[in-house]
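> So I've got this file, coords.cif, and it contains mmCIF, C-alpha atoms and all ligand atoms:
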data_target
loop_
_atom_site.label_atom_id
_atom_site.label_comp_id
_atom_site.auth_asym_id
_atom_site.auth_seq_id
_atom_site.Cartn_x
_atom_site.Cartn_y
_atom_site.Cartn_z
CA MET A 1 15.51 -49.41 9.79
CA ALA A 2 16.80 -45.84 9.79
CA LYS A 3 17.41 -44.12 13.13
CA HIS A 4 15.20 -41.15 12.18
CA VAL A 5 12.24 -40.72 9.85
CA VAL A 6 11.77 -37.12 8.72
CA THR A 7 9.08 -35.68 6.45
CA LEU A 8 10.60 -33.86 3.47
CA ILE A 9 8.51 -31.33 1.54
CA PRO A 10 10.77 -30.07 -1.27
CA GLY A 11 8.25 -27.36 -2.23
CA ASP A 12 8.45 -25.50 -5.53
CA GLY A 13 10.68 -23.05 -7.41
CA ILE A 14 14.22 -23.53 -6.05
CA GLY A 15 12.83 -25.79 -3.28
CA PRO A 16 13.66 -29.15 -4.91
CA GLU A 17 17.19 -27.93 -5.82
CA VAL A 18 18.12 -26.76 -2.32
CA ALA A 19 16.35 -29.74 -0.69
CA ALA A 20 18.38 -32.19 -2.81
CA ALA A 21 21.61 -30.40 -1.84
CA VAL A 22 20.74 -30.55 1.86
CA GLN A 23 19.77 -34.24 1.71
CA GLU A 24 23.11 -35.01 0.09
CA ILE A 25 25.12 -33.06 2.69
CA VAL A 26 23.23 -34.56 5.65
CA ARG A 27 23.79 -38.06 4.24
CA ALA A 28 27.51 -37.33 3.72
CA ALA A 29 27.74 -36.11 7.33
CA GLY A 30 26.63 -39.56 8.44
CA VAL A 31 23.15 -38.92 9.83
CA ASP A 32 20.90 -41.94 9.40
CA ILE A 33 17.66 -40.38 8.12
CA GLN A 34 14.89 -41.94 6.08
CA TRP A 35 13.20 -39.05 4.26
CA GLU A 36 9.46 -39.40 3.78
CA LEU A 37 8.76 -37.39 0.63
CA GLN A 38 5.57 -35.30 0.56
CA GLU A 39 4.32 -32.85 -2.05
CA ALA A 40 2.25 -29.73 -1.35
CA GLY A 41 1.42 -26.51 -3.21
CA ALA A 42 0.05 -25.70 -6.66
CA ALA A 43 1.44 -28.94 -8.14
CA THR A 44 -0.81 -31.17 -6.01
CA VAL A 45 -4.05 -29.38 -7.00
CA SER A 46 -4.48 -31.26 -10.31
CA LEU A 47 -3.53 -34.61 -8.74
CA LYS A 48 -5.25 -34.41 -5.36
CA GLY A 49 -7.63 -31.46 -5.61
CA THR A 50 -5.93 -29.55 -2.79
CA THR A 51 -2.71 -27.66 -2.11
CA LEU A 52 -2.25 -29.41 1.21
CA PRO A 53 -3.22 -33.10 1.05
CA ASP A 54 -4.09 -34.76 4.38
CA GLU A 55 -1.17 -37.17 4.04
CA VAL A 56 1.30 -34.26 4.33
CA LEU A 57 -0.08 -33.28 7.73
CA ASP A 58 -0.42 -36.94 8.77
CA SER A 59 3.22 -37.57 7.88
CA ILE A 60 4.42 -34.59 9.95
CA LYS A 61 2.19 -35.60 12.88
CA LYS A 62 3.61 -39.14 12.77
CA ASN A 63 7.29 -38.20 12.37
CA LYS A 64 7.08 -35.03 14.49
CA VAL A 65 9.88 -33.44 12.43
CA ALA A 66 9.83 -32.06 8.88
CA LEU A 67 12.19 -30.20 6.59
CA LYS A 68 10.34 -27.98 4.15
CA GLY A 69 11.30 -26.05 1.04
CA PRO A 70 9.48 -22.85 -0.01
CA ILE A 71 5.98 -23.01 -1.47
CA ALA A 72 4.75 -20.18 -3.70
CA THR A 73 1.55 -18.33 -2.76
CA PRO A 74 -0.29 -16.27 -5.38
CA ILE A 75 -0.69 -12.60 -4.43
CA GLY A 76 -4.17 -11.11 -4.14
CA THR A 77 -6.13 -14.06 -5.54
CA GLY A 78 -5.96 -17.88 -5.58
CA PHE A 79 -5.31 -20.37 -2.78
CA ARG A 80 -4.41 -19.56 0.81
CA SER A 81 -0.79 -19.89 1.81
CA VAL A 82 0.12 -23.55 2.37
CA ASN A 83 2.80 -22.36 4.80
CA VAL A 84 0.25 -20.56 6.96
CA GLN A 85 -2.08 -23.59 6.79
CA ILE A 86 0.65 -26.01 7.97
CA ARG A 87 1.58 -23.72 10.87
CA LYS A 88 -2.08 -23.36 11.89
CA ASP A 89 -3.19 -26.97 11.44
CA LEU A 90 -0.25 -28.32 13.47
CA ASP A 91 -0.33 -25.42 15.93
CA LEU A 92 3.33 -24.59 15.26
CA PHE A 93 3.03 -21.47 17.35
CA ALA A 94 6.65 -20.33 17.48
CA SER A 95 8.61 -19.17 14.47
CA LEU A 96 12.26 -19.16 15.49
CA ARG A 97 14.75 -17.32 13.27
CA PRO A 98 18.33 -16.97 14.47
CA VAL A 99 20.08 -14.31 12.40
CA LYS A 100 23.85 -14.62 12.51
CA SER A 101 26.50 -13.43 10.12
CA LEU A 102 28.71 -15.96 8.40
CA PRO A 103 32.48 -15.46 8.33
CA GLY A 104 33.64 -13.81 5.14
CA VAL A 105 30.18 -12.56 4.19
CA ALA A 106 30.22 -8.76 4.29
CA THR A 107 27.46 -7.06 6.27
CA PRO A 108 26.55 -3.34 6.26
CA PHE A 109 28.54 -3.22 9.52
CA THR A 110 31.74 -4.69 8.15
CA MET A 111 31.45 -2.25 5.26
CA ALA A 112 30.77 0.80 7.46
CA PRO A 113 33.64 2.83 8.95
CA ALA A 114 34.61 1.27 12.30
CA GLY A 115 33.05 2.68 15.44
CA LYS A 116 30.40 4.82 13.74
CA GLY A 117 26.80 4.51 14.85
CA GLY A 118 27.42 1.85 17.49
CA GLN A 119 27.82 -1.04 15.04
CA PRO A 120 28.35 -4.50 16.47
CA GLY A 121 31.98 -5.41 17.15
CA GLY A 122 33.81 -6.86 14.16
CA GLY A 123 30.65 -6.49 12.10
CA ALA A 124 29.25 -9.80 13.37
CA VAL A 125 25.47 -9.77 13.77
CA ASP A 126 23.77 -12.08 16.27
CA LEU A 127 20.09 -11.75 17.07
CA VAL A 128 17.06 -14.02 17.19
CA ILE A 129 13.50 -13.33 16.06
CA VAL A 130 10.69 -15.23 17.77
CA ARG A 131 7.45 -14.57 15.91
CA GLU A 132 3.92 -15.54 16.94
CA ASN A 133 2.89 -17.85 14.14
CA THR A 134 -0.81 -18.63 14.45
CA GLU A 135 -2.86 -15.44 14.70
CA GLY A 136 -2.47 -11.63 14.51
CA MET A 137 -3.03 -10.28 10.99
CA TYR A 138 -2.68 -13.77 9.49
CA THR A 139 -6.16 -15.06 10.37
CA GLY A 140 -7.17 -14.80 6.70
CA ILE A 141 -10.48 -13.22 7.78
CA GLU A 142 -11.06 -10.48 5.25
CA HIS A 143 -14.24 -9.18 3.67
CA GLU A 144 -15.73 -6.35 1.70
CA ILE A 145 -18.05 -4.21 3.79
CA MET A 146 -19.25 -2.25 0.75
CA PRO A 147 -17.72 -1.52 -2.65
CA GLY A 148 -14.42 0.24 -2.03
CA VAL A 149 -14.23 -0.62 1.68
CA ARG A 150 -12.57 -3.83 2.88
CA GLU A 151 -11.76 -5.11 6.33
CA ALA A 152 -9.15 -7.55 7.70
CA VAL A 153 -9.53 -9.04 11.17
CA LYS A 154 -6.57 -9.16 13.53
CA ILE A 155 -6.92 -11.62 16.40
CA VAL A 156 -4.68 -11.53 19.47
CA THR A 157 -5.35 -13.95 22.33
CA GLU A 158 -3.87 -14.15 25.79
CA LYS A 159 -3.18 -17.88 25.30
CA ALA A 160 -1.12 -17.46 22.12
CA SER A 161 0.64 -14.29 23.32
CA SER A 162 1.55 -15.84 26.66
CA ARG A 163 3.02 -19.01 25.22
CA ILE A 164 5.10 -17.19 22.59
CA CYS A 165 6.49 -14.74 25.16
CA GLU A 166 7.25 -17.62 27.54
CA PHE A 167 8.98 -19.44 24.65
CA ALA A 168 11.15 -16.38 23.92
CA PHE A 169 12.25 -15.81 27.51
CA THR A 170 12.97 -19.53 28.02
CA TYR A 171 14.97 -19.60 24.76
CA ALA A 172 16.97 -16.49 25.77
CA GLU A 173 17.80 -18.04 29.14
CA LYS A 174 18.80 -21.38 27.62
CA MET A 175 20.93 -19.89 24.83
CA GLY A 176 22.59 -17.21 27.00
CA TYR A 177 21.05 -14.06 25.49
CA PRO A 178 20.88 -11.37 28.22
CA ARG A 179 17.82 -9.59 26.85
CA VAL A 180 14.39 -10.09 25.29
CA THR A 181 12.95 -7.19 23.30
CA VAL A 182 9.14 -7.27 23.21
CA VAL A 183 8.15 -5.56 19.95
CA HIS A 184 4.62 -4.13 19.55
CA LYS A 185 2.52 -1.18 18.38
CA ALA A 186 0.46 -0.84 21.56
CA ASN A 187 0.51 2.96 21.34
CA ILE A 188 -1.91 2.66 18.39
CA MET A 189 -3.41 -0.85 18.75
CA LYS A 190 -4.07 -0.53 22.44
CA LYS A 191 -6.31 -3.58 22.82
CA THR A 192 -4.58 -6.18 20.62
CA ASP A 193 -0.92 -5.21 20.88
CA GLY A 194 -1.64 -4.01 24.42
CA LEU A 195 -2.58 -7.59 25.37
CA PHE A 196 0.59 -8.93 23.72
CA LEU A 197 2.68 -6.44 25.69
CA GLU A 198 0.99 -7.40 28.97
CA CYS A 199 1.83 -11.05 28.25
CA GLY A 200 5.45 -10.05 27.55
CA ARG A 201 5.63 -8.25 30.89
CA ALA A 202 4.19 -11.28 32.69
CA ALA A 203 6.76 -13.58 31.05
CA ALA A 204 9.51 -11.13 32.06
CA ARG A 205 8.41 -11.39 35.70
CA ARG A 206 8.77 -15.20 35.48
CA HIS A 207 12.34 -14.80 34.14
CA PRO A 208 14.03 -12.18 36.33
CA ASN A 209 17.49 -13.11 35.01
CA VAL A 210 16.65 -11.92 31.52
CA GLU A 211 16.34 -8.18 30.90
CA CYS A 212 13.08 -7.15 29.23
CA VAL A 213 13.04 -4.19 26.83
CA GLU A 214 9.76 -2.92 25.33
CA MET A 215 10.01 -1.42 21.86
CA ILE A 216 7.56 -0.07 19.29
CA VAL A 217 7.95 -1.86 15.96
CA ASP A 218 9.01 1.20 13.93
CA ALA A 219 11.72 2.04 16.46
CA CYS A 220 12.78 -1.60 16.35
CA ALA A 221 13.30 -1.40 12.59
CA MET A 222 15.58 1.60 13.09
CA ASN A 223 17.48 0.01 15.99
CA MET A 224 17.92 -3.20 14.04
CA VAL A 225 19.78 -1.33 11.35
CA ARG A 226 21.85 0.74 13.80
CA ASN A 227 22.77 -1.87 16.40
CA PRO A 228 21.08 -5.25 15.94
CA ASN A 229 22.96 -7.10 18.66
CA ARG A 230 21.46 -4.95 21.41
CA LEU A 231 18.05 -6.46 20.62
CA GLY A 232 19.01 -9.97 21.73
CA VAL A 233 15.91 -12.13 21.32
CA ILE A 234 13.01 -10.24 19.72
CA VAL A 235 9.51 -11.53 20.46
CA THR A 236 6.71 -10.08 18.40
CA LEU A 237 3.37 -10.49 16.64
CA ASN A 238 2.99 -12.35 13.35
CA LEU A 239 3.13 -9.54 10.76
CA TYR A 240 5.87 -7.52 12.47
CA GLY A 241 7.95 -10.68 12.84
CA ASP A 242 7.54 -11.48 9.17
CA ILE A 243 8.77 -8.05 8.06
CA LEU A 244 11.55 -7.72 10.64
CA SER A 245 12.88 -11.20 9.70
CA ASP A 246 13.57 -10.11 6.14
CA LEU A 247 15.14 -6.88 7.35
CA ALA A 248 17.37 -8.91 9.65
CA ALA A 249 18.25 -11.27 6.79
CA GLY A 250 19.39 -8.25 4.79
CA LEU A 251 21.83 -7.38 7.58
CA VAL A 252 23.72 -10.67 7.26
CA GLY A 253 23.85 -11.19 3.50
CA GLY A 254 20.29 -11.83 2.36
CA LEU A 255 17.57 -14.41 2.18
CA GLY A 256 19.87 -17.14 0.89
CA ILE A 257 21.43 -17.77 4.29
CA VAL A 258 18.90 -17.28 7.10
CA PRO A 259 17.31 -20.42 8.60
CA GLY A 260 14.05 -20.88 10.42
CA ALA A 261 11.97 -23.28 12.45
CA ASN A 262 8.25 -23.49 13.21
CA ILE A 263 7.88 -25.15 16.57
CA GLY A 264 4.82 -26.55 18.34
CA LEU A 265 4.32 -28.81 21.31
CA ASP A 266 3.94 -31.94 19.14
CA ALA A 267 5.85 -31.20 15.94
CA ALA A 268 8.48 -28.95 14.37
CA VAL A 269 8.90 -27.89 10.75
CA PHE A 270 12.28 -26.50 9.71
CA GLU A 271 12.41 -24.18 6.69
CA ALA A 272 14.43 -21.36 5.18
CA VAL A 273 13.14 -17.79 5.45
CA HIS A 274 13.29 -17.29 1.68
CA GLY A 275 10.61 -18.04 -0.90
CA SER A 276 10.59 -20.09 -4.10
CA ALA A 277 12.76 -17.55 -5.99
CA PRO A 278 11.04 -18.02 -9.38
CA ASP A 279 13.63 -15.74 -11.02
CA ILE A 280 16.41 -18.33 -10.59
CA ALA A 281 14.41 -21.57 -10.25
CA GLY A 282 15.59 -24.54 -12.32
CA LYS A 283 18.94 -22.90 -13.18
CA GLY A 284 21.06 -24.63 -10.56
CA LEU A 285 22.06 -21.26 -9.05
CA ALA A 286 20.24 -21.29 -5.70
CA ASN A 287 22.12 -20.96 -2.47
CA PRO A 288 21.27 -23.96 -0.25
CA THR A 289 22.76 -22.33 2.90
CA ALA A 290 19.44 -21.21 4.41
CA LEU A 291 17.88 -24.65 4.17
CA LEU A 292 21.14 -26.25 5.29
CA GLN A 293 21.23 -24.01 8.37
CA SER A 294 17.58 -24.97 8.98
CA ALA A 295 18.66 -28.62 8.78
CA ILE A 296 21.41 -27.91 11.35
CA MET A 297 18.69 -26.57 13.69
CA MET A 298 16.68 -29.70 12.93
CA LEU A 299 19.61 -32.00 13.79
CA ASP A 300 20.05 -30.19 17.12
CA HIS A 301 16.31 -30.64 17.74
CA MET A 302 16.79 -34.39 17.07
CA ASN A 303 19.78 -34.49 19.46
CA GLU A 304 22.21 -35.17 16.59
CA HIS A 305 24.53 -32.47 17.95
CA ASP A 306 27.82 -33.96 16.67
CA CYS A 307 26.62 -34.09 13.08
CA ALA A 308 25.07 -30.62 13.41
CA ARG A 309 28.45 -29.20 14.50
CA LYS A 310 30.24 -31.12 11.72
CA ILE A 311 28.03 -29.52 9.05
CA GLU A 312 28.27 -26.13 10.75
CA ARG A 313 32.09 -26.27 10.70
CA ALA A 314 32.09 -27.29 7.04
CA LEU A 315 29.75 -24.41 6.17
CA ARG A 316 31.86 -21.87 8.04
CA ASN A 317 35.05 -23.16 6.36
CA VAL A 318 33.51 -22.81 2.90
CA TYR A 319 32.55 -19.19 3.61
CA GLU A 320 35.69 -18.21 5.52
CA ARG A 321 38.05 -19.66 2.90
CA GLU A 322 35.79 -18.64 0.00
CA LEU A 323 35.87 -22.19 -1.36
CA ALA A 324 32.55 -21.57 -3.13
CA ARG A 325 30.04 -18.74 -3.25
CA THR A 326 26.69 -18.50 -5.03
CA GLY A 327 25.46 -15.53 -7.08
CA ASP A 328 23.26 -14.02 -4.36
CA LEU A 329 26.46 -13.32 -2.38
CA GLY A 330 28.45 -12.06 -5.34
CA GLY A 331 30.03 -15.40 -6.33
CA ARG A 332 29.74 -17.58 -9.43
CA SER A 333 29.33 -21.06 -7.95
CA THR A 334 26.43 -23.27 -8.90
CA THR A 335 24.35 -25.12 -6.30
CA ARG A 336 26.27 -28.28 -7.34
CA GLU A 337 29.70 -26.69 -6.79
CA PHE A 338 28.63 -25.21 -3.46
CA THR A 339 27.28 -28.58 -2.28
CA ASP A 340 30.52 -30.35 -3.28
CA ALA A 341 32.57 -27.71 -1.44
CA ILE A 342 30.61 -28.31 1.78
CA LYS A 343 30.97 -32.08 1.41
CA SER A 344 34.73 -31.69 0.96
CA GLN A 345 34.92 -29.97 4.36
CA LEU A 346 32.97 -32.57 6.34
CA VAL A 347 35.62 -33.98 8.66
P1 LIG B 1 11.96 -14.96 -2.60
O1 LIG B 1 12.59 -15.20 -1.27
O2 LIG B 1 11.53 -16.17 -3.33
O3 LIG B 1 13.00 -14.18 -3.55
C1 LIG B 1 13.47 -12.86 -3.26
C2 LIG B 1 14.85 -12.67 -3.95
O4 LIG B 1 15.83 -13.40 -3.21
C3 LIG B 1 14.90 -13.20 -5.38
O5 LIG B 1 15.70 -12.36 -6.14
C4 LIG B 1 15.54 -14.56 -5.24
O6 LIG B 1 16.25 -14.98 -6.38
C5 LIG B 1 16.48 -14.35 -4.05
N1 LIG B 1 16.66 -15.60 -3.29
C6 LIG B 1 15.79 -16.12 -2.39
N2 LIG B 1 16.27 -17.28 -1.91
C7 LIG B 1 17.46 -17.49 -2.53
C8 LIG B 1 18.42 -18.53 -2.45
N3 LIG B 1 18.29 -19.58 -1.63
N4 LIG B 1 19.52 -18.43 -3.22
C9 LIG B 1 19.70 -17.38 -4.03
N5 LIG B 1 18.83 -16.36 -4.14
C10 LIG B 1 17.70 -16.42 -3.40
O7 LIG B 1 10.76 -13.96 -2.38
P2 LIG B 1 9.55 -13.59 -3.35
O8 LIG B 1 10.03 -13.44 -4.74
O9 LIG B 1 8.89 -12.46 -2.67
O10 LIG B 1 8.54 -14.83 -3.26
C11 LIG B 1 8.43 -15.84 -4.26
C12 LIG B 1 7.36 -16.84 -3.80
O11 LIG B 1 7.78 -17.52 -2.63
C13 LIG B 1 6.00 -16.19 -3.48
O12 LIG B 1 4.99 -16.98 -4.06
C14 LIG B 1 5.92 -16.25 -1.96
O13 LIG B 1 4.62 -16.37 -1.51
C15 LIG B 1 6.71 -17.52 -1.67
N6 LIG B 1 7.30 -17.54 -0.31
C16 LIG B 1 7.25 -18.73 0.35
C17 LIG B 1 7.82 -18.84 1.61
C18 LIG B 1 7.78 -20.17 2.29
O14 LIG B 1 7.43 -21.17 1.68
N7 LIG B 1 8.12 -20.25 3.56
C19 LIG B 1 8.45 -17.69 2.27
C20 LIG B 1 8.50 -16.50 1.46
C21 LIG B 1 7.91 -16.43 0.22
#
Will you turn the file into structure tokens for me?
Ligand code: NAI

Amino acid sequence: MAKHVVTLIPGDGIGPEVAAAVQEIVRAAGVDIQWELQEAGAATVSLKGTTLPDEVLDSIKKNKVALKGPIATPIGTGFRSVNVQIRKDLDLFASLRPVKSLPGVATPFTMAPAGKGGQPGGGAVDLVIVRENTEGMYTGIEHEIMPGVREAVKIVTEKASSRICEFAFTYAEKMGYPRVTVVHKANIMKKTDGLFLECGRAAARRHPNVECVEMIVDACAMNMVRNPNRLGVIVTLNLYGDILSDLAAGLVGGLGIVPGANIGLDAAVFEAVHGSAPDIAGKGLANPTALLQSAIMMLDHMNEHDCARKIERALRNVYERELARTGDLGGRSTTREFTDAIKSQLV
């Protein structure tokens, strides 16, 4: 019997390609995982009549850990996001996205003239986004009041805001970040974002060793471009976190490299920040780095720290020595060549 059983949802678009690459690398690194394959998304509708069959949630609840590829969501019409449903149904309240540059991957800071605008030293970016994952603008409660007038409901609760802020301060303390930046728009949304900010302040009082900075979301976007490292750990509401995560990804080389985790009290789902990339799906060109870095987070979560570091070293070597590079980062390597390069560095 394998040491670990992990639910694997390959997803659609480039999902199956990057998931296969990650499975291969994790196996080569010597982690004993039995993957429990589960399908979700548009493909399961004709077979099971739903985009999120019960057995997917049951499998995650049983195994407590899942690795998930991207799942496409139609814009404007069609089914609700499977990603949002999984996060809600399993109460995965914390979205954790560490944004760090990789060696050899140019950032706007390495490309900018040194010393201008307070860029981070050496061009290396290191910040973390903790996003509330269960409420805010993502309740899916929308209706038409009258023709031409529509309304969306934003829900902010003390319970969800408190636990996400507590999560962020605890994470900052544990990982050695000196500062948590609480990002909000309480100047305009005084009740909802105001409550979130109050919960941030309360968490700050419980963690006196971590500095607390309050920042309005638009100012945060500007500061993230000028000097991202000063932000430390950002904690914010659902929609702001979603947008800022992609901005942050752009600072370190794009969506192909940034990992993520959705963490609850009983289960955790690890997934890349990027989507299903329909423009390159099925061509063998996808960069598996984001899902691989998500898998590294997953291995740490499962206390497989040695194997996590082994894969991390291999990944850094491949980037630093330019042994392979996919098209999203200006290279010409295929997913296959990139995967082989990582495997060659697993020592
Ligand atoms: P996207 O992230 O799929 O693609 C944006 C651009 O980045 C494309 O040019 C794509 O080729 C490139 N890209 C993304 N990941 C890459 C990778 N690993 N390697 C190389 N290039 C990569 O965003 P888009 O086009 O807005 O969304 C497509 C679909 O994905 C939508 O249906 C959306 O709802 C879904 N989506 C799903 C997510 C999830 O399952 N967690 C997250 C984000 C979007």
> Hey, can you check how far atom CA of A:Ser162 sits from atom CA of A:Glu135?
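Answer for the atom CA of A:Ser162 to atom CA of A:Glu135 separation: 12.8 Å.
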> Could you please extract the residues within 8 Å of ligand LIG 1 (chain B), counting all atoms listed in the file, and hand them back as a compact mmCIF listing (two decimals) with C-alpha atoms, in the frame of the given file?

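Below you can see result-v5.txt, which holds the result:
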# COMPACT_ATOMS: atom_id res chain seq x y z
CA GLY A 11 8.25 -27.36 -2.23
CA GLY A 13 10.68 -23.05 -7.41
CA ILE A 14 14.22 -23.53 -6.05
CA VAL A 18 18.12 -26.76 -2.32
CA LYS A 68 10.34 -27.98 4.15
CA GLY A 69 11.30 -26.05 1.04
CA PRO A 70 9.48 -22.85 -0.01
CA ILE A 71 5.98 -23.01 -1.47
CA ALA A 72 4.75 -20.18 -3.70
CA THR A 73 1.55 -18.33 -2.76
CA PRO A 74 -0.29 -16.27 -5.38
CA ILE A 75 -0.69 -12.60 -4.43
CA SER A 81 -0.79 -19.89 1.81
CA VAL A 82 0.12 -23.55 2.37
CA ASN A 83 2.80 -22.36 4.80
CA GLY A 254 20.29 -11.83 2.36
CA LEU A 255 17.57 -14.41 2.18
CA GLY A 256 19.87 -17.14 0.89
CA ILE A 257 21.43 -17.77 4.29
CA GLU A 271 12.41 -24.18 6.69
CA ALA A 272 14.43 -21.36 5.18
CA VAL A 273 13.14 -17.79 5.45
CA HIS A 274 13.29 -17.29 1.68
CA GLY A 275 10.61 -18.04 -0.90
CA SER A 276 10.59 -20.09 -4.10
CA ALA A 277 12.76 -17.55 -5.99
CA PRO A 278 11.04 -18.02 -9.38
CA ASP A 279 13.63 -15.74 -11.02
CA ILE A 280 16.41 -18.33 -10.59
CA ALA A 281 14.41 -21.57 -10.25
CA LEU A 285 22.06 -21.26 -9.05
CA ALA A 286 20.24 -21.29 -5.70
CA ASN A 287 22.12 -20.96 -2.47
CA PRO A 288 21.27 -23.96 -0.25
CA THR A 289 22.76 -22.33 2.90
CA ALA A 290 19.44 -21.21 4.41
CA LEU A 291 17.88 -24.65 4.17
CA THR A 326 26.69 -18.50 -5.03
CA GLY A 327 25.46 -15.53 -7.08
CA ASP A 328 23.26 -14.02 -4.36
> May I ask which of the residues A:Val258, A:Leu37, A:Ala2, A:Leu329 is the closest one to A:Ile296, counting all atoms listed in the file?
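Of A:Val258, A:Leu37, A:Ala2, A:Leu329, the one nearest A:Ile296, counting all atoms listed in the file, is A:Val258.
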> List every residue of stretch 227-336 of chain A that has an atom at most 8 Å from any atom of stretch 98-102 of chain A, giving for each one its closest atom pair and the distance in Å to one decimal, counting all atoms listed in the file, sorted by chain and then by ascending residue number, as CSV.

residue,atom,partner,partner_atom,distance
A:Ala248,CA,A:Val99,CA,6.6
A:Ala249,CA,A:Val99,CA,6.6
A:Val252,CA,A:Ser101,CA,4.9
A:Gly253,CA,A:Ser101,CA,7.5
A:Val258,CA,A:Val99,CA,6.2
A:Pro259,CA,A:Pro98,CA,6.9
A:Gly260,CA,A:Pro98,CA,7.1
A:Arg316,CA,A:Leu102,CA,6.7
A:Tyr319,CA,A:Leu102,CA,6.9
A:Glu320,CA,A:Leu102,CA,7.9
> Write the selection just made, keeping C-alpha atoms, as a compact mmCIF listing (two decimals), in the frame of the given file?

# COMPACT_ATOMS: atom_id res chain seq x y z
CA ALA A 248 17.37 -8.91 9.65
CA ALA A 249 18.25 -11.27 6.79
CA VAL A 252 23.72 -10.67 7.26
CA GLY A 253 23.85 -11.19 3.50
CA VAL A 258 18.90 -17.28 7.10
CA PRO A 259 17.31 -20.42 8.60
CA GLY A 260 14.05 -20.88 10.42
CA ARG A 316 31.86 -21.87 8.04
CA TYR A 319 32.55 -19.19 3.61
CA GLU A 320 35.69 -18.21 5.52
> As AutoDock Vina command-line options, please: the centre and edge lengths in Å, to one decimal, of an axis-aligned box enclosing every listed atom of stretch 23-38 of chain A with 5 Å added on each side.

--center_x 16.7 --center_y -37.5 --center_z 5.0 --size_x 32.2 --size_y 18.9 --size_z 19.7
> Calculated over all atoms listed in the file, which of the candidates A:Cys212, A:Met297, A:Val130, A:Ala106 has the smallest distance to A:Gly241?
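Checking each candidate against A:Gly241, we get A:Val130 as the closest.
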> Write out as a ChimeraX atom specification the residues lying within 12 Å of stretch 143-160 of chain A, counting all atoms listed in the file and excluding same-chain residues fewer than 3 positions away.
/A:88,91-94,131-140,163-167,184,189-200,202-203,236-239,264
> Residues of the last selection are to be written out with C-alpha atoms, as a PDB file, in the frame of the given file.

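What follows is the written file result21.pdb:
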ATOM      1  CA  LYS A  88      -2.080 -23.360  11.890  1.00  0.00           C
ATOM      2  CA  ASP A  91      -0.330 -25.420  15.930  1.00  0.00           C
ATOM      3  CA  LEU A  92       3.330 -24.590  15.260  1.00  0.00           C
ATOM      4  CA  PHE A  93       3.030 -21.470  17.350  1.00  0.00           C
ATOM      5  CA  ALA A  94       6.650 -20.330  17.480  1.00  0.00           C
ATOM      6  CA  ARG A 131       7.450 -14.570  15.910  1.00  0.00           C
ATOM      7  CA  GLU A 132       3.920 -15.540  16.940  1.00  0.00           C
ATOM      8  CA  ASN A 133       2.890 -17.850  14.140  1.00  0.00           C
ATOM      9  CA  THR A 134      -0.810 -18.630  14.450  1.00  0.00           C
ATOM     10  CA  GLU A 135      -2.860 -15.440  14.700  1.00  0.00           C
ATOM     11  CA  GLY A 136      -2.470 -11.630  14.510  1.00  0.00           C
ATOM     12  CA  MET A 137      -3.030 -10.280  10.990  1.00  0.00           C
ATOM     13  CA  TYR A 138      -2.680 -13.770   9.490  1.00  0.00           C
ATOM     14  CA  THR A 139      -6.160 -15.060  10.370  1.00  0.00           C
ATOM     15  CA  GLY A 140      -7.170 -14.800   6.700  1.00  0.00           C
ATOM     16  CA  ARG A 163       3.020 -19.010  25.220  1.00  0.00           C
ATOM     17  CA  ILE A 164       5.100 -17.190  22.590  1.00  0.00           C
ATOM     18  CA  CYS A 165       6.490 -14.740  25.160  1.00  0.00           C
ATOM     19  CA  GLU A 166       7.250 -17.620  27.540  1.00  0.00           C
ATOM     20  CA  PHE A 167       8.980 -19.440  24.650  1.00  0.00           C
ATOM     21  CA  HIS A 184       4.620  -4.130  19.550  1.00  0.00           C
ATOM     22  CA  MET A 189      -3.410  -0.850  18.750  1.00  0.00           C
ATOM     23  CA  LYS A 190      -4.070  -0.530  22.440  1.00  0.00           C
ATOM     24  CA  LYS A 191      -6.310  -3.580  22.820  1.00  0.00           C
ATOM     25  CA  THR A 192      -4.580  -6.180  20.620  1.00  0.00           C
ATOM     26  CA  ASP A 193      -0.920  -5.210  20.880  1.00  0.00           C
ATOM     27  CA  GLY A 194      -1.640  -4.010  24.420  1.00  0.00           C
ATOM     28  CA  LEU A 195      -2.580  -7.590  25.370  1.00  0.00           C
ATOM     29  CA  PHE A 196       0.590  -8.930  23.720  1.00  0.00           C
ATOM     30  CA  LEU A 197       2.680  -6.440  25.690  1.00  0.00           C
ATOM     31  CA  GLU A 198       0.990  -7.400  28.970  1.00  0.00           C
ATOM     32  CA  CYS A 199       1.830 -11.050  28.250  1.00  0.00           C
ATOM     33  CA  GLY A 200       5.450 -10.050  27.550  1.00  0.00           C
ATOM     34  CA  ALA A 202       4.190 -11.280  32.690  1.00  0.00           C
ATOM     35  CA  ALA A 203       6.760 -13.580  31.050  1.00  0.00           C
ATOM     36  CA  THR A 236       6.710 -10.080  18.400  1.00  0.00           C
ATOM     37  CA  LEU A 237       3.370 -10.490  16.640  1.00  0.00           C
ATOM     38  CA  ASN A 238       2.990 -12.350  13.350  1.00  0.00           C
ATOM     39  CA  LEU A 239       3.130  -9.540  10.760  1.00  0.00           C
ATOM     40  CA  GLY A 264       4.820 -26.550  18.340  1.00  0.00           C
TER      41      GLY A 264
END
> Name all residues at most 9 Å from A:Pro108 (count all atoms listed in the file; drop same-chain ones fewer than 4 positions away) and give them as a list in words.
Ala112, Gly123, Val225, Gly250, Leu251, Val252 and Gly253 of chain A
> Mind pulling up the distance from atom CA of A:Ala124 to atom CA of A:Ala28?
29.2 Å
> Between A:Lys62, A:Asn229, A:Phe270, A:Asp306, which is the closest to A:Pro10 once you count all atoms listed in the file?
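Among A:Lys62, A:Asn229, A:Phe270, A:Asp306, it is A:Phe270 that comes nearest to A:Pro10.
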